[in-house]
Amino acid sequence: MMTPRHATDETISYDFIIVGAGAAGCAIANRLSADPRHRVLLLEAGAPDNKTEIHIPAAFSKLFKTEYDWNYSAVPQSGLQGRESYWAKGRTLGGSTSINAMMYLRGVPADYDRWEALGNPGWGWRDMLPYFRRSERNSRGGNEWHGDRGLLYVEDLRDRNPLSHAFVAAAQAVGLPYNPDFNGSQLDGVGWVQVTQHRGRRWSTADAFLRPAMRRSNLQLLTGAQCTRVSIRDRRAVGIEYLREGTRQTAIATREIILSGGTVGSTQLLLLSGIGPAQHLQELGIDAIVDLPGVGQNLQDHIAVAVVMGSTQPLSLLNANSPRELLKYSILRRGMLTSSVLEAAAFLRTQPNLIAPDLELQFAPVVFYEYGLVAPTEHGMTIGPTLIAPRSIGSMRLRSPDPLEHPVIDPQYLSDPEGHDLRVMVAGVRQAQEIFAASPMAAYRGRPILPDRTLQSDREIEDYVRSASDGWWHPVGTCRMGTDPLAVVDPMLRVHGVAGLRVADAAVMPTIPRCHTMAPTIAIGEKAADLVLRQSPSVEQLQEHVAF
């Protein structure tokens, strides 16, 4: 746990200001502050990561809808039978890396080569792999795919549940190949996920990047600082306005400001600062400083549904809070509380002509639905078919000019005109049912819980998918990089039309990768720091801009 060394609330100038201490922001803060000549301020709206449940891997769902969660929600979705969709996003040091399931996945090279093909040189797989490797300290050792000297611990789960072993065996029994490394030469197949843990404890980006950097006197951290606007003078970003303990404060940046508040946070802050679609801003009474119509567009997210089966044997994570497991964790850092809950996975192609998997099956050795907000009352296991190459595109906009009011989030789940996304989800439910019916599951398989029977027809499955699916909290794309009229940042992550301002988080992704987005977002932060250090102008070149 870390007690932050806080910056003072008076107006001070810094070389660099970073907004958001999440997956990308912590990495950027570490790299920029490595040079003692740089004065760096890191602003985080949430509290320090001192809560015990943050650091116990299996306890992450206890953090949802608490002060450590932004607790966003998407508007009612027609594709989900008019239901709203809850979005958890971390509101503490480490951001969502402090409240997620810790799964370390990168997708496939084609994901990043597509970014490059869309007009973003320097973002192909050959460019991104070195950043993945630089961050990583993999317990399996280093090779052409992995690093073993980085700050981010990536390890195998310490204790794998017998139900998870049954899932891996059952998936192979129905024809899926075993994959020993989802971050290796291919993604296809079934196997074990690696996690951002160290010796049975969560290892967030606050642990990996921020704690070592906080020993440096040139890095200042301010928690409880809700950023409300980027101050812009003569089309240059010169400062950040924020609220802390009910008072408005300002910090001045003499070189650059980097927004790393996440897809929701960075997009909202740009709009509040007058950077975005001019008509939308004017309707809310916000002066449109830069008309960037792409801000808030291109929203993409994964979507998942739970297929839950009872277990005839009392082996599930329902036992995780038993005195025996609590003692095992407290003394040895072993047992069920070290579980990431989503312990194993399978990636497959629903059509043979696809260049890469479009479906993920996540496995949890417990009854797990509604994000774990509903506590299980019986032993069971869950397969979560997850759409990892969606074609549905949504948007985000301000609800009001009040920075404390959540924006309007409309991901448009299952809305693609060709019905592709729904077909993939239907195929996923069928595959999950087939795996549960396979012989390696026979010793554990109980009664169907969700849905409460085996579904047969496409129509039955479609109805179930629409009634039970939800977003999987991997939103990207609303400040996408590129050079076309709807791009928000250029390939150097600089906001079009505003000097001294970058966005560096999942919002800049042009398309969503086939993976949980933590690892790619950290890599974006690593690359962003290099871009800033190579291109940021000197103080002398900027002095005429810093006075208000």
# chains A, B, ... in the order shown; residues from 1 in each chain; ligands from 1
$ closest_atom_pairs --of "region 433-505 of chain A" --to "region 261-283 of chain A" --cutoff "7 Å" --atoms "only C-alpha atoms" --output "JSON lines"
{"residue": "A:Pro475", "atom": "CA", "partner": "A:Thr263", "partner_atom": "CA", "distance": 6.3}
{"residue": "A:Val476", "atom": "CA", "partner": "A:Thr263", "partner_atom": "CA", "distance": 5.7}
{"residue": "A:Thr478", "atom": "CA", "partner": "A:Thr263", "partner_atom": "CA", "distance": 6.5}
{"residue": "A:Cys479", "atom": "CA", "partner": "A:Thr267", "partner_atom": "CA", "distance": 6.6}
{"residue": "A:Asp505", "atom": "CA", "partner": "A:Gly262", "partner_atom": "CA", "distance": 5.6}
$ write_last_selection --atoms "C-alpha atoms" --output "compact mmCIF listing (two decimals), in the first residue's frame"
# COMPACT_ATOMS: atom_id res chain seq x y z
CA PRO A 475 -14.36 0.54 -23.98
CA VAL A 476 -12.01 2.04 -26.56
CA THR A 478 -13.58 7.63 -28.60
CA CYS A 479 -10.39 9.68 -29.14
CA ASP A 505 -5.06 5.50 -23.01
$ residues_around --residues "Met396 (chain A)" --least-positions-apart "2" --cutoff "10 Å" --atoms "only C-alpha atoms" --output "MDAnalysis selection string"
chainID A and resid 74 263:264 267:268 295:299 394 398:399 407:411 478
$ atom_distance --atom1 "CA of Pro385 (chain A)" --atom2 "CA of Leu361 (chain A)"
4.5 Å
$ residues_around --residues "region 106-122 of chain A" --least-positions-apart "5" --cutoff "9 Å" --atoms "only C-alpha atoms" --output "VMD selection string"
chain A and resid 127 to 129 132 182 to 183 185 to 187 355 to 357 481 to 484 490 to 492 509 to 520
$ write_last_selection --atoms "C-alpha atoms" --output "short mmCIF file (atom, residue, chain, number, x, y, z; two decimals), in the first residue's frame"
data_model
loop_
_atom_site.label_atom_id
_atom_site.label_comp_id
_atom_site.auth_asym_id
_atom_site.auth_seq_id
_atom_site.Cartn_x
_atom_site.Cartn_y
_atom_site.Cartn_z
CA ASP A 127 6.45 -1.59 -33.08
CA MET A 128 4.27 -2.63 -30.15
CA LEU A 129 5.90 -5.93 -29.17
CA PHE A 132 4.91 -5.25 -24.21
CA PHE A 182 -2.10 -16.96 -25.29
CA ASN A 183 0.55 -14.24 -25.66
CA SER A 185 2.76 -17.33 -31.47
CA GLN A 186 -1.04 -17.74 -31.69
CA LEU A 187 -4.21 -16.98 -29.77
CA ILE A 355 -7.82 -14.20 -39.82
CA ALA A 356 -8.00 -14.60 -36.03
CA PRO A 357 -10.41 -15.65 -33.27
CA MET A 481 -5.73 8.20 -33.57
CA GLY A 482 -5.39 8.91 -37.26
CA THR A 483 -5.16 11.68 -39.82
CA ASP A 484 -8.68 11.67 -41.29
CA ASP A 490 -2.42 12.01 -34.60
CA PRO A 491 -0.13 8.95 -34.60
CA MET A 492 2.04 10.78 -32.05
CA MET A 509 -7.31 2.78 -30.17
CA PRO A 510 -8.80 2.96 -33.69
CA THR A 511 -10.23 -0.57 -33.33
CA ILE A 512 -10.64 -2.82 -30.33
CA PRO A 513 -8.06 -5.63 -29.98
CA ARG A 514 -9.05 -9.25 -29.45
CA CYS A 515 -8.16 -9.23 -25.77
CA HIS A 516 -8.82 -7.70 -22.41
CA THR A 517 -7.51 -4.18 -22.87
CA MET A 518 -5.24 -3.76 -19.82
CA ALA A 519 -2.01 -4.95 -21.46
CA PRO A 520 -2.44 -2.90 -24.67
#
$ residues_around --residues "region 214-227 of chain A" --least-positions-apart "5" --cutoff "7 Å" --atoms "only C-alpha atoms" --output "list in words"
Pro4, Arg5, His6, Ala7, Ser33, Pro36, His38, Arg39, Val40, Leu41, Leu42, Leu43, Glu44, Ala45, Gly46, Ala47, Pro48, Ile240, Glu241, Tyr242, Leu243 and Arg244 of chain A
$ residues_around --residues "region 423-435 of chain A" --least-positions-apart "3" --cutoff "6 Å" --atoms "only C-alpha atoms" --output "list in words"
Ala170, Ala171, Pro385, His420, Ala438 and Ile461 of chain A
$ select_by_dssp --residues "region 216-353 of chain A" --states "helix (DSSP H, G or I)" --output "ChimeraX atom specification"
/A:262-272,278-283,317-319,323-332,336-338
$ write_last_selection --atoms "N, CA and C atoms" --output "CSV table (one decimal), in the first residue's frame"
chain,number,residue,atom,x,y,z
A,262,GLY,N,-8.7,7.3,-19.1
A,262,GLY,CA,-9.5,6.3,-19.6
A,262,GLY,C,-10.5,6.7,-20.7
A,263,THR,N,-11.1,5.8,-21.4
A,263,THR,CA,-11.9,6.1,-22.5
A,263,THR,C,-13.1,7.1,-22.1
A,264,VAL,N,-13.6,6.9,-21.0
A,264,VAL,CA,-14.7,7.8,-20.5
A,264,VAL,C,-14.1,9.1,-20.1
A,265,GLY,N,-13.1,9.0,-19.2
A,265,GLY,CA,-12.6,10.2,-18.5
A,265,GLY,C,-11.9,11.2,-19.5
A,266,SER,N,-11.1,10.7,-20.4
A,266,SER,CA,-10.4,11.5,-21.3
A,266,SER,C,-11.3,12.2,-22.3
A,267,THR,N,-12.3,11.4,-22.8
A,267,THR,CA,-13.3,12.0,-23.7
A,267,THR,C,-14.1,13.1,-23.0
A,268,GLN,N,-14.5,12.8,-21.8
A,268,GLN,CA,-15.3,13.8,-21.1
A,268,GLN,C,-14.5,15.1,-20.9
A,269,LEU,N,-13.3,15.0,-20.5
A,269,LEU,CA,-12.5,16.1,-20.2
A,269,LEU,C,-12.2,17.0,-21.5
A,270,LEU,N,-12.0,16.3,-22.6
A,270,LEU,CA,-11.8,17.1,-23.9
A,270,LEU,C,-13.1,17.9,-24.2
A,271,LEU,N,-14.3,17.2,-24.0
A,271,LEU,CA,-15.5,17.9,-24.3
A,271,LEU,C,-15.7,19.1,-23.4
A,272,LEU,N,-15.5,18.9,-22.1
A,272,LEU,CA,-15.6,20.0,-21.1
A,272,LEU,C,-14.7,21.1,-21.4
A,278,ALA,N,-18.6,20.8,-32.4
A,278,ALA,CA,-18.9,22.2,-32.1
A,278,ALA,C,-20.4,22.3,-31.8
A,279,GLN,N,-21.3,21.7,-32.6
A,279,GLN,CA,-22.7,21.8,-32.3
A,279,GLN,C,-23.1,21.3,-31.0
A,280,HIS,N,-22.6,20.1,-30.6
A,280,HIS,CA,-22.9,19.5,-29.3
A,280,HIS,C,-22.4,20.4,-28.2
A,281,LEU,N,-21.3,20.9,-28.3
A,281,LEU,CA,-20.7,21.8,-27.3
A,281,LEU,C,-21.6,23.1,-27.1
A,282,GLN,N,-21.9,23.7,-28.3
A,282,GLN,CA,-22.7,24.9,-28.2
A,282,GLN,C,-24.1,24.7,-27.6
A,283,GLU,N,-24.7,23.5,-27.9
A,283,GLU,CA,-26.0,23.2,-27.3
A,283,GLU,C,-25.9,23.2,-25.8
A,317,LEU,N,-15.4,-21.7,-5.9
A,317,LEU,CA,-14.9,-20.5,-5.2
A,317,LEU,C,-15.9,-20.0,-4.1
A,318,LEU,N,-17.1,-20.7,-4.1
A,318,LEU,CA,-18.0,-20.4,-3.0
A,318,LEU,C,-17.3,-20.6,-1.6
A,319,ASN,N,-16.3,-21.5,-1.6
A,319,ASN,CA,-15.5,-21.7,-0.4
A,319,ASN,C,-14.4,-20.7,-0.1
A,323,PRO,N,-12.9,-20.1,6.7
A,323,PRO,CA,-11.8,-19.9,7.6
A,323,PRO,C,-10.5,-20.6,7.1
A,324,ARG,N,-10.7,-21.8,6.5
A,324,ARG,CA,-9.5,-22.5,6.0
A,324,ARG,C,-8.8,-21.7,4.9
A,325,GLU,N,-9.6,-21.2,4.0
A,325,GLU,CA,-9.0,-20.4,2.9
A,325,GLU,C,-8.5,-19.1,3.3
A,326,LEU,N,-9.1,-18.4,4.2
A,326,LEU,CA,-8.6,-17.2,4.8
A,326,LEU,C,-7.3,-17.4,5.5
A,327,LEU,N,-7.1,-18.4,6.2
A,327,LEU,CA,-5.9,-18.7,6.9
A,327,LEU,C,-4.8,-19.1,5.9
A,328,LYS,N,-5.1,-19.8,4.9
A,328,LYS,CA,-4.2,-20.2,3.8
A,328,LYS,C,-3.6,-19.0,3.1
A,329,TYR,N,-4.5,-18.0,2.8
A,329,TYR,CA,-4.1,-16.8,2.1
A,329,TYR,C,-3.3,-16.0,3.1
A,330,SER,N,-3.7,-15.8,4.3
A,330,SER,CA,-3.0,-14.8,5.2
A,330,SER,C,-1.6,-15.3,5.5
A,331,ILE,N,-1.4,-16.6,5.6
A,331,ILE,CA,-0.1,-17.2,6.0
A,331,ILE,C,0.8,-17.5,4.8
A,332,LEU,N,0.2,-18.1,3.7
A,332,LEU,CA,1.0,-18.6,2.6
A,332,LEU,C,0.8,-17.8,1.3
A,336,MET,N,-7.7,-20.3,-2.6
A,336,MET,CA,-8.8,-19.8,-3.5
A,336,MET,C,-8.7,-18.2,-3.6
A,337,LEU,N,-8.3,-17.6,-2.6
A,337,LEU,CA,-8.3,-16.1,-2.6
A,337,LEU,C,-7.2,-15.6,-3.6
A,338,THR,N,-6.3,-16.4,-4.0
A,338,THR,CA,-5.3,-16.0,-5.1
A,338,THR,C,-5.9,-16.1,-6.5
$ residues_around --residues "Ala58 (chain A)" --least-positions-apart "5" --cutoff "10 Å" --atoms "only C-alpha atoms" --output "number ranges by chain"
A: 53, 100-102, 201-202, 317, 320-321, 336-342
$ closest_residue --among "A:Gln249, A:Ser164, A:Asn179, A:Gln197" --to "Glu343 (chain A)" --atoms "only C-alpha atoms"
A:Ser164
